[in-house]
file work.json (JSON, C-alpha atoms and all ligand atoms)
[["chain", "number", "residue", "atom", "x", "y", "z"],
["A", 1, "MET", "CA", -76.95, 16.49, 87.51],
["A", 2, "LEU", "CA", -74.75, 14.43, 89.77],
["A", 3, "SER", "CA", -75.10, 11.30, 87.66],
["A", 4, "SER", "CA", -74.31, 13.06, 84.38],
["A", 5, "ARG", "CA", -71.19, 14.57, 85.96],
["A", 6, "VAL", "CA", -70.07, 11.15, 87.15],
["A", 7, "ILE", "CA", -70.67, 9.59, 83.74],
["A", 8, "SER", "CA", -68.81, 12.36, 81.94],
["A", 9, "THR", "CA", -65.62, 11.50, 83.85],
["A", 10, "LEU", "CA", -65.62, 7.96, 82.48],
["A", 11, "ASN", "CA", -63.67, 7.05, 79.36],
["A", 12, "PRO", "CA", -66.41, 6.38, 76.76],
["A", 13, "VAL", "CA", -64.25, 3.89, 74.86],
["A", 14, "LEU", "CA", -63.66, 1.94, 78.05],
["A", 15, "VAL", "CA", -67.35, 2.04, 78.95],
["A", 16, "VAL", "CA", -68.32, 0.73, 75.51],
["A", 17, "SER", "CA", -65.63, -1.95, 75.44],
["A", 18, "GLN", "CA", -66.45, -3.08, 79.00],
["A", 19, "GLY", "CA", -70.09, -3.26, 78.00],
["A", 20, "LEU", "CA", -69.29, -5.36, 74.94],
["A", 21, "ARG", "CA", -67.10, -7.61, 77.04],
["A", 22, "TRP", "CA", -69.81, -8.14, 79.61],
["A", 23, "ALA", "CA", -72.11, -8.95, 76.73],
["A", 24, "GLY", "CA", -69.57, -11.57, 75.62],
["A", 25, "ILE", "CA", -68.98, -9.88, 72.25],
["A", 26, "ILE", "CA", -65.24, -9.17, 72.47],
["A", 27, "PRO", "CA", -62.56, -11.10, 74.32],
["A", 28, "PRO", "CA", -60.83, -9.37, 77.25],
["A", 29, "TYR", "CA", -57.76, -7.47, 76.12],
["A", 30, "HIS", "CA", -56.15, -5.24, 78.72],
["A", 31, "ASP", "CA", -52.65, -4.87, 77.40],
["A", 32, "THR", "CA", -51.41, -1.35, 77.97],
["A", 33, "HIS", "CA", -47.71, -2.21, 77.94],
["A", 34, "PRO", "CA", -45.89, 0.46, 75.87],
["A", 35, "TYR", "CA", -43.24, -0.58, 73.35],
["A", 36, "GLN", "CA", -41.64, 1.11, 70.36],
["A", 37, "VAL", "CA", -41.37, -0.45, 66.89],
["A", 38, "GLN", "CA", -39.15, 0.54, 63.98],
["A", 39, "VAL", "CA", -39.02, -0.94, 60.51],
["A", 40, "PHE", "CA", -35.44, -2.11, 60.04],
["A", 41, "SER", "CA", -35.85, -3.78, 56.65],
["A", 42, "ARG", "CA", -38.74, -3.91, 54.17],
["A", 43, "ASP", "CA", -37.60, -6.99, 52.22],
["A", 44, "PRO", "CA", -37.43, -9.20, 54.14],
["A", 45, "LEU", "CA", -39.69, -7.45, 56.64],
["A", 46, "VAL", "CA", -37.61, -7.03, 59.81],
["A", 47, "LEU", "CA", -38.74, -4.90, 62.73],
["A", 48, "HIS", "CA", -36.80, -3.83, 65.78],
["A", 49, "VAL", "CA", -38.91, -3.56, 68.91],
["A", 50, "ASP", "CA", -37.75, -1.72, 71.98],
["A", 51, "SER", "CA", -39.14, -2.73, 75.43],
["A", 52, "PHE", "CA", -41.42, -5.42, 74.02],
["A", 53, "LEU", "CA", -41.57, -7.05, 77.47],
["A", 54, "SER", "CA", -41.50, -5.40, 80.89],
["A", 55, "SER", "CA", -38.93, -6.42, 83.51],
["A", 56, "ASP", "CA", -41.73, -8.10, 85.53],
["A", 57, "GLU", "CA", -42.79, -10.15, 82.51],
["A", 58, "ILE", "CA", -39.18, -11.17, 81.87],
["A", 59, "ALA", "CA", -38.68, -12.22, 85.50],
["A", 60, "HIS", "CA", -41.94, -14.18, 85.37],
["A", 61, "VAL", "CA", -41.11, -16.06, 82.14],
["A", 62, "LEU", "CA", -37.65, -16.94, 83.48],
["A", 63, "LYS", "CA", -39.12, -18.15, 86.78],
["A", 64, "ILE", "CA", -41.79, -20.43, 85.32],
["A", 65, "SER", "CA", -39.30, -21.91, 82.83],
["A", 66, "GLU", "CA", -36.73, -22.79, 85.51],
["A", 67, "GLY", "CA", -36.17, -26.54, 85.89],
["A", 68, "LYS", "CA", -37.52, -27.28, 82.39],
["A", 69, "TYR", "CA", -34.41, -26.64, 80.25],
["A", 70, "GLU", "CA", -32.99, -29.40, 78.07],
["A", 71, "THR", "CA", -30.07, -29.45, 75.64],
["A", 72, "SER", "CA", -31.27, -27.86, 72.39],
["A", 73, "SER", "CA", -31.65, -29.99, 69.29],
["A", 74, "VAL", "CA", -31.37, -29.22, 65.60],
["A", 75, "TYR", "CA", -33.63, -30.44, 62.82],
["A", 76, "SER", "CA", -32.37, -32.05, 59.63],
["A", 77, "SER", "CA", -34.76, -33.90, 57.29],
["A", 78, "ASP", "CA", -37.00, -35.82, 59.68],
["A", 79, "ASP", "CA", -34.31, -36.14, 62.30],
["A", 80, "VAL", "CA", -34.18, -34.16, 65.55],
["A", 81, "SER", "CA", -30.90, -34.51, 67.41],
["A", 82, "VAL", "CA", -28.35, -32.74, 69.56],
["A", 83, "ASN", "CA", -25.53, -31.48, 67.33],
["A", 84, "LEU", "CA", -22.99, -29.49, 69.31],
["A", 85, "LYS", "CA", -21.29, -28.34, 66.11],
["A", 86, "ALA", "CA", -24.48, -26.54, 65.10],
["A", 87, "ARG", "CA", -26.11, -25.47, 68.34],
["A", 88, "VAL", "CA", -24.98, -25.20, 71.95],
["A", 89, "SER", "CA", -27.73, -24.00, 74.27],
["A", 90, "GLU", "CA", -30.53, -25.22, 76.48],
["A", 91, "SER", "CA", -34.19, -24.66, 75.67],
["A", 92, "ALA", "CA", -37.47, -24.99, 77.48],
["A", 93, "ILE", "CA", -41.11, -24.75, 76.49],
["A", 94, "VAL", "CA", -42.66, -21.97, 78.60],
["A", 95, "PRO", "CA", -45.74, -23.17, 80.51],
["A", 96, "ARG", "CA", -48.83, -21.13, 79.65],
["A", 97, "ASP", "CA", -50.43, -18.90, 82.24],
["A", 98, "ASP", "CA", -52.12, -15.49, 82.18],
["A", 99, "VAL", "CA", -48.89, -13.53, 81.80],
["A", 100, "VAL", "CA", -47.79, -15.77, 78.93],
["A", 101, "ARG", "CA", -51.20, -15.42, 77.27],
["A", 102, "ARG", "CA", -50.87, -11.64, 77.53],
["A", 103, "ILE", "CA", -47.45, -11.81, 75.84],
["A", 104, "GLU", "CA", -48.90, -14.09, 73.15],
["A", 105, "LYS", "CA", -51.69, -11.62, 72.47],
["A", 106, "ARG", "CA", -49.22, -8.75, 72.23],
["A", 107, "ALA", "CA", -47.18, -10.73, 69.72],
["A", 108, "ALA", "CA", -50.24, -11.78, 67.72],
["A", 109, "ARG", "CA", -51.42, -8.18, 67.49],
["A", 110, "LEU", "CA", -48.09, -6.87, 66.26],
["A", 111, "MET", "CA", -47.94, -9.69, 63.73],
["A", 112, "GLY", "CA", -51.36, -8.66, 62.44],
["A", 113, "TRP", "CA", -54.53, -10.76, 62.38],
["A", 114, "ARG", "CA", -53.92, -13.66, 60.01],
["A", 115, "GLY", "CA", -57.07, -15.77, 60.28],
["A", 116, "ASN", "CA", -57.52, -19.12, 61.94],
["A", 117, "HIS", "CA", -54.99, -20.93, 59.77],
["A", 118, "THR", "CA", -52.07, -19.20, 61.51],
["A", 119, "HIS", "CA", -51.37, -19.87, 65.18],
["A", 120, "LEU", "CA", -48.54, -19.23, 67.63],
["A", 121, "GLN", "CA", -46.36, -22.19, 68.51],
["A", 122, "PRO", "CA", -45.62, -22.87, 72.19],
["A", 123, "LEU", "CA", -43.25, -20.19, 73.49],
["A", 124, "LYS", "CA", -39.67, -21.34, 73.89],
["A", 125, "VAL", "CA", -36.84, -19.92, 75.99],
["A", 126, "GLN", "CA", -33.26, -20.56, 75.03],
["A", 127, "ARG", "CA", -30.28, -20.10, 77.35],
["A", 128, "TYR", "CA", -26.69, -19.73, 76.15],
["A", 129, "GLY", "CA", -23.64, -19.82, 78.45],
["A", 130, "VAL", "CA", -20.07, -18.96, 77.45],
["A", 131, "GLY", "CA", -19.38, -20.56, 74.04],
["A", 132, "GLY", "CA", -23.11, -21.08, 73.41],
["A", 133, "PHE", "CA", -24.30, -20.35, 69.85],
["A", 134, "TYR", "CA", -26.72, -21.41, 67.14],
["A", 135, "THR", "CA", -25.20, -21.69, 63.69],
["A", 136, "PHE", "CA", -26.67, -20.09, 60.52],
["A", 137, "HIS", "CA", -30.14, -21.38, 59.72],
["A", 138, "TYR", "CA", -33.63, -20.43, 58.63],
["A", 139, "ASP", "CA", -36.65, -20.67, 60.88],
["A", 140, "TRP", "CA", -38.68, -21.86, 57.89],
["A", 141, "ASP", "CA", -38.52, -25.50, 56.90],
["A", 142, "GLY", "CA", -37.52, -26.15, 53.29],
["A", 143, "LEU", "CA", -38.39, -29.86, 53.45],
["A", 144, "VAL", "CA", -42.12, -29.68, 54.09],
["A", 145, "ASP", "CA", -44.99, -29.14, 51.64],
["A", 146, "ASP", "CA", -47.89, -28.25, 53.91],
["A", 147, "GLY", "CA", -47.61, -25.57, 56.59],
["A", 148, "ASN", "CA", -44.58, -23.53, 57.56],
["A", 149, "ARG", "CA", -43.24, -20.98, 60.01],
["A", 150, "ALA", "CA", -44.54, -17.62, 58.94],
["A", 151, "THR", "CA", -43.02, -15.22, 61.48],
["A", 152, "THR", "CA", -40.42, -15.07, 64.23],
["A", 153, "PHE", "CA", -40.03, -12.95, 67.35],
["A", 154, "MET", "CA", -36.58, -13.18, 68.89],
["A", 155, "ILE", "CA", -36.91, -11.46, 72.27],
["A", 156, "TYR", "CA", -33.91, -10.97, 74.51],
["A", 157, "LEU", "CA", -34.74, -11.74, 78.14],
["A", 158, "VAL", "CA", -31.27, -11.82, 79.69],
["A", 159, "ALA", "CA", -28.45, -10.03, 77.94],
["A", 160, "ASP", "CA", -25.72, -10.00, 80.59],
["A", 161, "CYS", "CA", -23.16, -11.02, 78.03],
["A", 162, "THR", "CA", -20.60, -10.02, 75.49],
["A", 163, "GLY", "CA", -21.06, -11.58, 72.06],
["A", 164, "GLY", "CA", -24.36, -13.42, 71.52],
["A", 165, "GLY", "CA", -25.79, -11.03, 68.93],
["A", 166, "THR", "CA", -28.26, -12.24, 66.33],
["A", 167, "ASN", "CA", -26.54, -12.02, 62.95],
["A", 168, "PHE", "CA", -28.29, -11.80, 59.55],
["A", 169, "PRO", "CA", -25.50, -12.17, 56.97],
["A", 170, "ARG", "CA", -27.76, -11.23, 54.05],
["A", 171, "LEU", "CA", -29.19, -7.99, 55.46],
["A", 172, "PRO", "CA", -27.28, -4.95, 54.22],
["A", 173, "MET", "CA", -25.77, -2.63, 56.82],
["A", 174, "PRO", "CA", -27.93, 0.48, 56.93],
["A", 175, "GLU", "CA", -26.31, 3.78, 56.03],
["A", 176, "ASP", "CA", -27.90, 5.67, 58.90],
["A", 177, "THR", "CA", -25.58, 5.43, 61.91],
["A", 178, "ARG", "CA", -28.47, 5.93, 64.33],
["A", 179, "TRP", "CA", -29.07, 2.17, 63.94],
["A", 180, "CYS", "CA", -25.78, 1.65, 65.79],
["A", 181, "SER", "CA", -27.70, 1.82, 69.07],
["A", 182, "VAL", "CA", -29.34, -1.54, 68.23],
["A", 183, "ILE", "CA", -26.90, -3.19, 65.83],
["A", 184, "GLU", "CA", -23.16, -3.76, 66.01],
["A", 185, "CYS", "CA", -21.14, -1.18, 64.11],
["A", 186, "GLU", "CA", -17.42, -1.02, 63.44],
["A", 187, "GLU", "CA", -15.33, -2.96, 65.97],
["A", 188, "GLY", "CA", -18.24, -4.96, 67.42],
["A", 189, "ARG", "CA", -18.84, -6.64, 64.04],
["A", 190, "ASP", "CA", -16.06, -9.21, 64.56],
["A", 191, "GLY", "CA", -15.77, -9.76, 60.81],
["A", 192, "TYR", "CA", -19.33, -11.07, 60.42],
["A", 193, "GLU", "CA", -21.17, -10.09, 57.27],
["A", 194, "GLY", "CA", -24.49, -8.31, 57.26],
["A", 195, "VAL", "CA", -26.24, -7.07, 60.38],
["A", 196, "THR", "CA", -25.88, -8.16, 64.01],
["A", 197, "PHE", "CA", -28.57, -7.12, 66.47],
["A", 198, "LYS", "CA", -27.25, -6.51, 69.97],
["A", 199, "PRO", "CA", -28.92, -8.45, 72.75],
["A", 200, "VAL", "CA", -30.68, -5.92, 75.02],
["A", 201, "SER", "CA", -33.00, -7.20, 77.73],
["A", 202, "GLY", "CA", -36.66, -6.67, 76.77],
["A", 203, "SER", "CA", -36.02, -5.75, 73.16],
["A", 204, "ALA", "CA", -36.97, -7.93, 70.21],
["A", 205, "VAL", "CA", -36.31, -8.53, 66.56],
["A", 206, "TYR", "CA", -39.32, -9.60, 64.50],
["A", 207, "TRP", "CA", -39.27, -10.88, 60.94],
["A", 208, "GLU", "CA", -41.40, -12.55, 58.28],
["A", 209, "ASN", "CA", -39.99, -15.80, 56.96],
["A", 210, "ILE", "CA", -42.10, -16.14, 53.82],
["A", 211, "TYR", "CA", -42.83, -13.83, 50.88],
["A", 212, "PRO", "CA", -46.51, -12.97, 50.36],
["A", 213, "ASN", "CA", -46.51, -15.36, 47.33],
["A", 214, "GLY", "CA", -45.47, -18.26, 49.57],
["A", 215, "THR", "CA", -41.79, -18.44, 48.57],
["A", 216, "LEU", "CA", -39.49, -19.03, 51.54],
["A", 217, "HIS", "CA", -37.34, -15.94, 52.01],
["A", 218, "PRO", "CA", -33.58, -16.54, 51.68],
["A", 219, "GLY", "CA", -32.81, -13.14, 53.25],
["A", 220, "VAL", "CA", -33.78, -14.20, 56.77],
["A", 221, "ARG", "CA", -30.86, -16.57, 57.28],
["A", 222, "HIS", "CA", -29.50, -15.89, 60.75],
["A", 223, "ALA", "CA", -27.41, -17.18, 63.64],
["A", 224, "SER", "CA", -26.92, -16.59, 67.33],
["A", 225, "LEU", "CA", -23.26, -15.62, 67.47],
["A", 226, "PRO", "CA", -21.16, -17.23, 70.23],
["A", 227, "VAL", "CA", -21.51, -15.80, 73.73],
["A", 228, "LYS", "CA", -18.04, -14.69, 74.78],
["A", 229, "SER", "CA", -18.81, -13.99, 78.44],
["A", 230, "GLY", "CA", -21.85, -14.09, 80.66],
["A", 231, "VAL", "CA", -25.31, -15.44, 79.87],
["A", 232, "LYS", "CA", -27.92, -14.78, 77.22],
["A", 233, "VAL", "CA", -31.51, -15.99, 77.38],
["A", 234, "GLY", "CA", -33.85, -15.47, 74.44],
["A", 235, "LEU", "CA", -37.56, -16.06, 74.01],
["A", 236, "ASN", "CA", -38.82, -17.29, 70.64],
["A", 237, "ILE", "CA", -42.38, -16.69, 69.56],
["A", 238, "TRP", "CA", -43.06, -18.30, 66.21],
["A", 239, "SER", "CA", -46.22, -18.40, 64.17],
["A", 240, "TRP", "CA", -47.11, -21.39, 62.03],
["A", 241, "ASP", "CA", -49.24, -21.05, 58.90],
["A", 242, "ASP", "CA", -51.19, -24.28, 58.27],
["A", 243, "ALA", "CA", -52.46, -22.91, 54.95],
["A", 244, "TRP", "CA", -48.97, -22.48, 53.47],
["A", 245, "ARG", "CA", -48.30, -24.79, 50.52],
["A", 246, "LYS", "CA", -44.99, -25.28, 48.80],
["A", 247, "PRO", "CA", -45.15, -23.04, 45.70],
["A", 248, "GLU", "CA", -45.02, -24.77, 42.29],
["A", 249, "GLU", "CA", -41.58, -24.59, 40.70],
["A", 250, "VAL", "CA", -41.74, -22.21, 37.74],
["A", 251, "ASP", "CA", -39.42, -22.80, 34.74],
["A", 252, "ALA", "CA", -37.49, -19.67, 33.75],
["A", 301, "LIG", "O1", -30.67, -16.52, 70.00],
["A", 301, "LIG", "C1", -30.65, -15.95, 68.90],
["A", 301, "LIG", "O2", -30.11, -14.86, 68.73],
["A", 301, "LIG", "C2", -31.30, -16.59, 67.72],
["A", 301, "LIG", "C3", -32.04, -17.85, 68.08],
["A", 301, "LIG", "C4", -32.61, -18.52, 66.88],
["A", 301, "LIG", "O3", -32.34, -18.17, 65.78],
["A", 301, "LIG", "C5", -33.55, -19.63, 67.04],
["A", 301, "LIG", "O4", -33.75, -20.11, 68.16],
["A", 301, "LIG", "O5", -34.13, -20.05, 66.01],
["A", 302, "FE", "FE", -33.65, -18.98, 64.35]]
call {"tool": "encode", "arguments": {"input": "work.json", "output": "structure tokens", "more": "lines below"}}
Ligand SMILES: O=C(O)CCC(=O)C(=O)O
Ligand SMILES: [Fe+2]
result
Amino acid sequence: MLSSRVISTLNPVLVVSQGLRWAGIIPPYHDTHPYQVQVFSRDPLVLHVDSFLSSDEIAHVLKISEGKYETSSVYSSDDVSVNLKARVSESAIVPRDDVVRRIEKRAARLMGWRGNHTHLQPLKVQRYGVGGFYTFHYDWDGLVDDGNRATTFMIYLVADCTGGGTNFPRLPMPEDTRWCSVIECEEGRDGYEGVTFKPVSGSAVYWENIYPNGTLHPGVRHASLPVKSGVKVGLNIWSWDDAWRKPEEVDA
């Protein structure tokens, strides 16, 4: 009697999953962090995610990245160089630990299971001071044939700034003004075309860089607009698809 009452208070799903874990059948996955996702655009797929990271996770990522920042570079053909006309910021690869692995798993789950040919690249933080920016670019690489960047998470860690939004000139402004809580509307648009997501600590913008048929999506062109005051720190989580192949050119 006593034992059945004790057992009935346990969560059966937890009991089963713990049992499977002890049996080595499923990997540990304890992430209960709540976040909210909204589809912002269907083509390209762009999601807005509220509270993707907790304040403890943000503080942790910032702390373990301290002392590792270097001036950010840009990529052109095979060349990697500092180009202050294109990008002014400092970046650091985030060392991996349990908290970072938990964040990676959260990102990989939201992205959807994509098989072994797609993996996350090392997480990168990027810090912008006043005047810091990253000019218009794609996260995909148009010069390679084998493998490409499939998805991007742009997560705002520190957003104590004015300016510094992430602008997508080719995304149409939505009609529904409720989006104005996460994107710049009216006077905040500063004459930029398209959509500018506001930096808000913990929130994220997620997008897919490649059409399902393998074509690189032109609609995901974006920039980090100049920071006018204060500091912005972002966290990039990118996935790389080794199986991507440059699509054959088709004559019209
Ligand atoms: O900081 C941002 O808003 C965008 C950063 C970005 O596009 C990048 O690092 O590739
Ligand atoms: Fe980017």
call {"tool": "closest_residue", "arguments": {"input": "work.json", "among": "A:Val61, A:Leu84, A:Asp242, A:Phe40", "to": "A:Thr196", "atoms": "all atoms listed in the file"}}
result
A:Phe40
call {"tool": "residues_near_ligand", "arguments": {"input": "work.json", "ligand": "ligand LIG 301 (chain A)", "cutoff": "10 Å", "atoms": "only C-alpha atoms and all ligand atoms", "output": "ChimeraX atom specification"}}
result
/A:72,74,87,89,91,124-128,132-140,152-156,164-168,196-199,204-205,220-227,232-238
call {"tool": "closest_residue", "arguments": {"input": "work.json", "among": "A:Thr151, A:Ser55, A:Ser65, A:Ser229", "to": "ligand FE 302 (chain A)", "atoms": "only C-alpha atoms and all ligand atoms"}}
result
A:Thr151
call {"tool": "closest_residue", "arguments": {"input": "work.json", "among": "A:Asp79, A:Asp190, A:Asp176, A:Asp141", "to": "ligand FE 302 (chain A)", "atoms": "only C-alpha atoms and all ligand atoms"}}
result
A:Asp141
call {"tool": "closest_residue", "arguments": {"input": "work.json", "among": "A:Cys185, A:Leu157, A:Ala86, A:Val130", "to": "ligand FE 302 (chain A)", "atoms": "all atoms listed in the file"}}
result
A:Ala86
call {"tool": "atom_distance", "arguments": {"input": "work.json", "atom1": "atom CA of A:Leu47", "atom2": "atom CA of A:Tyr206"}}
result
5.1 Å
call {"tool": "residues_around", "arguments": {"input": "work.json", "residues": "stretch 210-213 of chain A", "least_positions_apart": "6", "cutoff": "12 Å", "atoms": "all atoms listed in the file", "output": "list in words"}}
result
Arg42, Asp43, Pro44, Leu45, Val46, Tyr138, Asp139, Trp140, Asp141, Gly142, Gly147, Asn148, Arg149, Ala150, Thr151, Thr152, Gly219, Val220, Arg221, Ser239, Trp240, Asp241, Trp244, Arg245, Lys246, Pro247 and Glu248 of chain A
call {"tool": "atom_distance", "arguments": {"input": "work.json", "atom1": "atom CA of A:His60", "atom2": "atom CA of A:Pro34"}}
result
17.9 Å
call {"tool": "residues_around", "arguments": {"input": "work.json", "residues": "A:Leu53", "least_positions_apart": "2", "cutoff": "8 Å", "atoms": "only C-alpha atoms", "output": "compact mmCIF listing (two decimals) with C-alpha atoms, in the coordinates of the input"}}
result
# COMPACT_ATOMS: atom_id res chain seq x y z
CA HIS A 33 -47.71 -2.21 77.94
CA TYR A 35 -43.24 -0.58 73.35
CA SER A 51 -39.14 -2.73 75.43
CA SER A 55 -38.93 -6.42 83.51
CA GLU A 57 -42.79 -10.15 82.51
CA ILE A 58 -39.18 -11.17 81.87
CA ILE A 103 -47.45 -11.81 75.84
CA GLY A 202 -36.66 -6.67 76.77
CA SER A 203 -36.02 -5.75 73.16
call {"tool": "closest_residue", "arguments": {"input": "work.json", "among": "A:Asp146, A:Asp50, A:Asp98, A:Glu184", "to": "A:Ile64", "atoms": "all atoms listed in the file"}}
result
A:Asp98
call {"tool": "atom_distance", "arguments": {"input": "work.json", "atom1": "atom CA of A:Lys85", "atom2": "atom CA of A:Pro172"}}
result
26.9 Å
